[in-house]
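See below for the structure under consideration.
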Amino acid sequence: MATQAPPSRRRVALRWKSRPPGRTQSGRAGGGRTRGDRRLGYLLVAPVVILLLLVTAYPLVYNLWNSFHFVNLSFGGLPHKFVGAQNYTKMFTSPLWLAALERTLAFTVASVVFDTAVALGLALMLHRRFRGRGFLRAAILVPWAVPTVVSAMLWKTMFDPRAGFVDYFLGAVHPGWASLTWLNASVWRSWAVIFIADAWKNVPFVAIILLAGLQVIPTDIYEAARIDGATSLAAFRRLTLPLLKPALMVALIFRTLQALLIFDVIFIMTGGGPGNATETLSFLNYQTFINNLDFGYGGAISVMLVVLALIAAAVIVRLFRPAAET
Amino acid sequence: MQMRPENRRPASRQPGNRRRGALAAVAAGAVVALGLAACGSSGPAKVSASTKQTIVFAESGLGTEGAQTQKAITAFEAANPKITVKIDVLSSDSTTYLSQLEHSFIAGSPTPDIFESDVTYPAKFAQAGWVKNLSSLNPNMSQFFPTEVAAGTFNGSPYAVPWFDNPEGLFYRTDLVKSPPTSPAQVVSDAQAAMKADKSLKEGLAFEGAKYEGAITAFLTVDSAFGGKLDPQNVDTPGNTAALAWLHDAVYKNHIAPTAVTGWQEGQVQSEFSSGHAAFAINYPFVEAIPAAQEGPGVAGHIGYIPFPAGPGGTPGSALGGEMLAINAKTAHAAAAWKLIEYLTSAPVEAARAEATGDPPSLPSAYTSVLYAKAPYFKNVKVLNGFSQPRPVSPNYLQVSTDLQVMLSEVFANTKSPAAAIKAAAPTIKSDASATPSG
């Protein structure tokens with residue numbers, strides 16, 4: 001298969017050859033700036049840098065510091081005593097934390113696989129030309145634009161056994177399916193509703209990222225593949241999926257982190273119930289911080305969440321690294 | 001490159017550099033401003049009640065409750081012209097309300113100066129040092145119902161004053177249940193009979209079964225009827241197990257309550273009863289204050305309200321709910337805040353609130369023939385106040401509450417038997433209730 005770039009790209013490449021990006025016409029790179037310019041630059045970015053340090057770096061570092069201390073605001077007057085790894089030991093041996101970890105990981109795997117598969121199908125569909133495509137592309141973004149708390153409330157109402165349309169619909173299909181209590185009366189039904197509400201909200205987001213990835217794949221390679229006798233399935237496996245890798249990686253990182261940190265849907269729909277069957281790590285973290293005001297133990301749970309998120313992101317980046325880099 | 005003459009001018013006088021200089025000044029100013037914004041300021045000195053001042057009162061009242069509070073505040077300001085009260089309406093959701101208060105206290109804010117507190121908050125706030133010990137103000141706590149006074153007492157000192165006292169009890173439809181039931185078993189049989197007789201009923205009993213604080217008060221309402229006691233040190237008792245089994249069986253064995261109770265809070269329970277869907281309901285007195293026009297057919301004028309009837313070895317059951325008033329430990333306006341508390345908890349003001357909103361007075365002396373003439377159901381409320389049991393008064397109550405909610409939710413969802421759930425939860429509840437800084 002021919003790999004020569006089209007003429008317009010060659011022109012761009014030639015221009016770059018004569019004057020590489022990042023260098024000025026005079027040949028000076030950024031290093032040619034005067035000391036005054038640099039000082040001004042630092043001063044201009046200083047407010048933003050300070051603000052970012054205050055609202056992101058400081059809480060992160062403070063949280064890490066808390067996780068090695070006794071910091072329980074319920075005991076307001078007590079000093080923040082250093083306790084070493086005690087909060088972490090408590091966490092790793094807590095049946096509540098271990099159960100929440102298990103649930104969080106199971107939910108993350110299930111929802112990421114499901115959402116990505118559905119979103120890929122949706123993106124492939126929206127990539128095709130058909131009447132009303134523009135409207136549909138805009139419309140699928142609506143669930144993503146709805147705040148999670150609002151969408152969770154909407155789904156909770158829809159699954160209400162007295163007022164929800166789900167009960168009405170199921171009852172119309174089969175009388176025995178009417179008056180089912182979905183939330184907090186059964187573990188699997190509670191998870192099913194959480195899963196549906198979460199997918200409804202997040203599938204469009206993944207689909208849009210994948211659609212953007214599909215749009216930068218040049219169409220001529222498909223034409224060449226078709227001429228070479230490749231079937232649609234072969235073209236999808238050999239061309240689309242490999243070329244979609246960068247977009248897939250971004251989508252998976254975002255989606256995995258969202259799923260790992262799931263909180264608001266559960267808080268609104270089940271409050272972690274029945275029992276604590278739908279409690280995830282973020283929910284446990286909320287209870288530790290907000291209910292118990294235990295910023296030491298809560299800090300340890302938060303740090304582990306960050307570590308888990310970093311591990312997940314690193315694994316995805318590693319899996320999707322281009323062949324040349326591996 | 002040859003340098004042009006203007007380039008030899010001092011750098012600061014070059015036009016481009018002047019602009020840069022101005023930008024640098026703005027940037028430096030922003031840095032300084034940010035630095036200043038990060039700095040705190042020291043608190044003001046204590047202000048006497050006779051000085052002109054404004055105090056902030058945080059409360060959660062909306063609708064008629066909010067309007068009645070505003071009315072009382074207006075009257076207070078007229079009587080105390082030097083004190084202006086700014087009402088800060090916080091969330092009507094109790095969890096969010098608590099968070100809002102805690103955020104203010106954690107930040108060390110001197111406002112709100114005075115605030116409404118649920119009966120379960122004072123011990124926690126007192127331990128954290130967020131509320132003022134009222135001992136120095138010599139409050140006359142003996143004038144209030146003693147169970148609510150106990151809820152506001154920590155280490156023997158009063159930290160909150162009862163504002164209104166909400167005893168949770170058993171509502172029933174007097175047109176469907178001819179005489180009030182005298183035992184838990186009779187509640188079941190009466191509910192079943194009512195469901196048989198009136199097909200428009202959707203359930204015999206409605207109660208709060210959602211995973212939230214209200215499920216604990218519903219359980220507590222039933223608990224003492226079986227001889228149970230909600231002592232965090234010893235939850236696994238036959239009385240507590242029997243009470244929980246009764247609620248469980250109401251759903252899964254006797255079928256007088258639907259599984260939908262697992263999503264019901266007091267609002268849904270009130271709605272089920274007021275709209276005529278339930279023969280019995282476990283709820284707070286506000287159900288009786290619902291205007292007749294908002295009630296379903298047959299409900300208006302047919303509401304009975306009693307303590308949950310006692311079984312063998314038990315006493316009539318009721319759970320203490322209600323709100324208290326407390327003063328921020330950091331306020332400079334404690335004297336004015338105390339004046340407002342005294343005013344709001346005076347018998348005439350409490351009686352006026354009761355008439356307007358249905359909030360039951362915390363003062364037995366406010367239950368007068370005048371009040372009964374206007375709202376006869378307060379006779380029942382006063383009876384229930386005599387039986388109401390407080391939830392455990394503990395600085396760690398929120399942790400205990402979380403454990404109890406998990407336990408109740410498991411039973412109401414039928415994922416654990418009442419006995420198994422209590423057995424499993426008891427050690428955690430005990431450990432959380434006695435948790436100390438040293439662990």
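Ligands are numbered from 1 in the order shown, chains are lettered A, B, ... in the order of the structure tokens, and residues start at 1 in each chain.
Near A:Asn72, within 9 Å and counting only C-alpha atoms, sit Phe75, Gly76, Leu78, His80, Phe289, Asn292, Leu293, Asp294, Phe295, Gly296 and Tyr297 of chain A; Pro437 of chain B; same-chain residues fewer than 3 positions away were not included.
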Output the selection as a PDB file, in the first residue's frame - C-alpha atoms for each residue.
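What ended up in selection_26.pdb:
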ATOM      1  CA  PHE A  75     -12.103  16.205  69.141  1.00  0.00           C
ATOM      2  CA  GLY A  76     -11.592  19.851  68.258  1.00  0.00           C
ATOM      3  CA  LEU A  78      -6.667  17.965  70.494  1.00  0.00           C
ATOM      4  CA  HIS A  80      -2.603  16.634  65.464  1.00  0.00           C
ATOM      5  CA  PHE A 289     -14.581  12.863  56.320  1.00  0.00           C
ATOM      6  CA  ASN A 292     -16.935  11.168  61.346  1.00  0.00           C
ATOM      7  CA  LEU A 293     -14.799  14.267  60.679  1.00  0.00           C
ATOM      8  CA  ASP A 294     -11.817  11.921  60.748  1.00  0.00           C
ATOM      9  CA  PHE A 295      -9.402  13.723  58.446  1.00  0.00           C
ATOM     10  CA  GLY A 296      -6.522  11.391  59.347  1.00  0.00           C
ATOM     11  CA  TYR A 297      -8.177   8.129  58.342  1.00  0.00           C
TER      12      TYR A 297
ATOM     13  CA  PRO B 437      -8.853  10.000  70.481  1.00  0.00           C
TER      14      PRO B 437
END
I want to know what sits within 8 Å of A:Leu248, based on only C-alpha atoms, with residues of the same chain fewer than 3 positions away left out; could you give that as a PDB file with C-alpha atoms, in the first residue's frame?
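Saved the output as selection-v7.pdb:
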ATOM      1  CA  ILE A 209     -14.147  11.357  22.369  1.00  0.00           C
ATOM      2  CA  LEU A 210     -14.144   8.275  20.158  1.00  0.00           C
ATOM      3  CA  GLY A 213     -10.770  10.007  17.131  1.00  0.00           C
ATOM      4  CA  LEU A 244      -8.323   4.874  17.322  1.00  0.00           C
ATOM      5  CA  LYS A 245      -5.880   3.897  20.058  1.00  0.00           C
ATOM      6  CA  ALA A 251     -11.516   7.949  26.828  1.00  0.00           C
ATOM      7  CA  LEU A 252     -10.494   4.985  28.963  1.00  0.00           C
TER       8      LEU A 252
END
Contact residues around A:Tyr88 with only C-alpha atoms at 12 Å, ignoring same-chain residues under 3 positions, as a list in words: Leu64, Asn66, Ser67, Phe68, His69, Phe70, Val83, Gly84, Ala85, Met91, Phe92, Thr93, Ser94, Trp97, Gly296, Tyr297, Gly298, Gly299, Ala300, Ile301, Ser302, Val303 and Met304 of chain A
Distance-based interface of chain A with chain B, 9 Å, counting only C-alpha atoms, as a VMD selection string: chain A and resid 36 to 37 39 to 41 43 to 47 50 to 51 70 72 to 78 160 to 162 179 to 187 270 to 277 287 to 288 290 to 292
For atom CA of B:Phe171 and atom CA of B:Ile282, the interatomic separation in Å (one decimal):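 Interatomic distance, atom CA of B:Phe171 to atom CA of B:Ile282: 6.1 Å.
Checking A:Phe320, A:Tyr286, A:Phe205, A:Phe254 one by one against A:Leu120, counting only C-alpha atoms, you find the shortest gap at A:Phe205.
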Residues within 9 Å of B:Val161, please, as a PDB file with C-alpha atoms, in the first residue's frame. Count only C-alpha atoms; anything in the same chain fewer than 6 positions from it doesn't count.
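This is the output file out.pdb:
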ATOM      1  CA  LEU B 134     -24.678  27.653  78.731  1.00  0.00           C
ATOM      2  CA  PRO B 139     -30.735  28.606  82.082  1.00  0.00           C
ATOM      3  CA  MET B 141     -33.780  23.792  82.114  1.00  0.00           C
ATOM      4  CA  PHE B 144     -38.651  21.913  79.542  1.00  0.00           C
ATOM      5  CA  GLU B 148     -34.992  16.883  75.278  1.00  0.00           C
ATOM      6  CA  VAL B 149     -32.984  18.607  78.004  1.00  0.00           C
ATOM      7  CA  GLY B 152     -28.694  18.944  74.945  1.00  0.00           C
ATOM      8  CA  GLU B 323     -34.938  21.025  67.413  1.00  0.00           C
ATOM      9  CA  MET B 324     -32.865  22.943  69.908  1.00  0.00           C
ATOM     10  CA  LEU B 325     -31.164  26.332  69.968  1.00  0.00           C
ATOM     11  CA  ALA B 326     -27.462  26.771  70.681  1.00  0.00           C
ATOM     12  CA  ILE B 341     -33.109  32.110  72.777  1.00  0.00           C
ATOM     13  CA  THR B 345     -38.427  29.535  73.995  1.00  0.00           C
TER      14      THR B 345
END
Those of stretch 269-370 of chain B in DSSP helix (DSSP H, G or I), formatted as a VMD selection string: chain B and resid 269 to 274 285 to 289 292 to 294 334 to 344 347 to 357 364 to 366 369 to 370
Please, could you write that set of residues out with C-alpha atoms as a PDB file, in the first residue's frame?
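part-v4.pdb was written with the following content:
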ATOM      1  CA  VAL B 269     -44.824   8.336  54.923  1.00  0.00           C
ATOM      2  CA  GLN B 270     -46.821  11.489  55.576  1.00  0.00           C
ATOM      3  CA  SER B 271     -47.912  11.574  51.950  1.00  0.00           C
ATOM      4  CA  GLU B 272     -49.045   7.920  52.039  1.00  0.00           C
ATOM      5  CA  PHE B 273     -51.082   8.465  55.184  1.00  0.00           C
ATOM      6  CA  SER B 274     -52.507  11.882  54.343  1.00  0.00           C
ATOM      7  CA  PRO B 285     -46.810  15.072  64.798  1.00  0.00           C
ATOM      8  CA  PHE B 286     -46.720  17.304  61.721  1.00  0.00           C
ATOM      9  CA  VAL B 287     -49.001  14.791  60.011  1.00  0.00           C
ATOM     10  CA  GLU B 288     -51.831  16.039  62.213  1.00  0.00           C
ATOM     11  CA  ALA B 289     -51.160  19.634  61.233  1.00  0.00           C
ATOM     12  CA  ALA B 292     -57.813  19.056  55.659  1.00  0.00           C
ATOM     13  CA  ALA B 293     -57.923  20.328  52.077  1.00  0.00           C
ATOM     14  CA  GLN B 294     -54.605  18.588  51.383  1.00  0.00           C
ATOM     15  CA  ALA B 334     -23.450  35.573  73.110  1.00  0.00           C
ATOM     16  CA  ALA B 335     -25.481  37.934  75.295  1.00  0.00           C
ATOM     17  CA  ALA B 336     -27.746  39.028  72.444  1.00  0.00           C
ATOM     18  CA  ALA B 337     -27.999  35.444  71.185  1.00  0.00           C
ATOM     19  CA  TRP B 338     -29.060  34.282  74.651  1.00  0.00           C
ATOM     20  CA  LYS B 339     -31.704  37.009  74.732  1.00  0.00           C
ATOM     21  CA  LEU B 340     -33.098  35.689  71.459  1.00  0.00           C
ATOM     22  CA  ILE B 341     -33.109  32.110  72.777  1.00  0.00           C
ATOM     23  CA  GLU B 342     -35.005  33.193  75.885  1.00  0.00           C
ATOM     24  CA  TYR B 343     -37.542  34.955  73.698  1.00  0.00           C
ATOM     25  CA  LEU B 344     -38.035  32.105  71.214  1.00  0.00           C
ATOM     26  CA  ALA B 347     -44.351  29.925  76.388  1.00  0.00           C
ATOM     27  CA  PRO B 348     -46.392  32.454  74.347  1.00  0.00           C
ATOM     28  CA  VAL B 349     -43.940  32.380  71.413  1.00  0.00           C
ATOM     29  CA  GLU B 350     -43.779  28.571  71.444  1.00  0.00           C
ATOM     30  CA  ALA B 351     -47.587  28.356  71.584  1.00  0.00           C
ATOM     31  CA  ALA B 352     -47.933  30.767  68.658  1.00  0.00           C
ATOM     32  CA  ARG B 353     -45.456  28.650  66.679  1.00  0.00           C
ATOM     33  CA  ALA B 354     -47.373  25.486  67.555  1.00  0.00           C
ATOM     34  CA  GLU B 355     -50.639  26.980  66.306  1.00  0.00           C
ATOM     35  CA  ALA B 356     -49.103  28.261  63.076  1.00  0.00           C
ATOM     36  CA  THR B 357     -46.778  25.401  62.148  1.00  0.00           C
ATOM     37  CA  PRO B 364     -45.080  21.701  79.156  1.00  0.00           C
ATOM     38  CA  SER B 365     -46.471  25.064  80.320  1.00  0.00           C
ATOM     39  CA  ALA B 366     -47.208  26.030  76.697  1.00  0.00           C
ATOM     40  CA  SER B 369     -56.516  24.984  77.080  1.00  0.00           C
ATOM     41  CA  VAL B 370     -56.158  27.899  74.668  1.00  0.00           C
TER      42      VAL B 370
END
Between atom CA of B:Phe219 and atom CA of B:Ala243 - distance in Å to one decimal: 7.3 Å
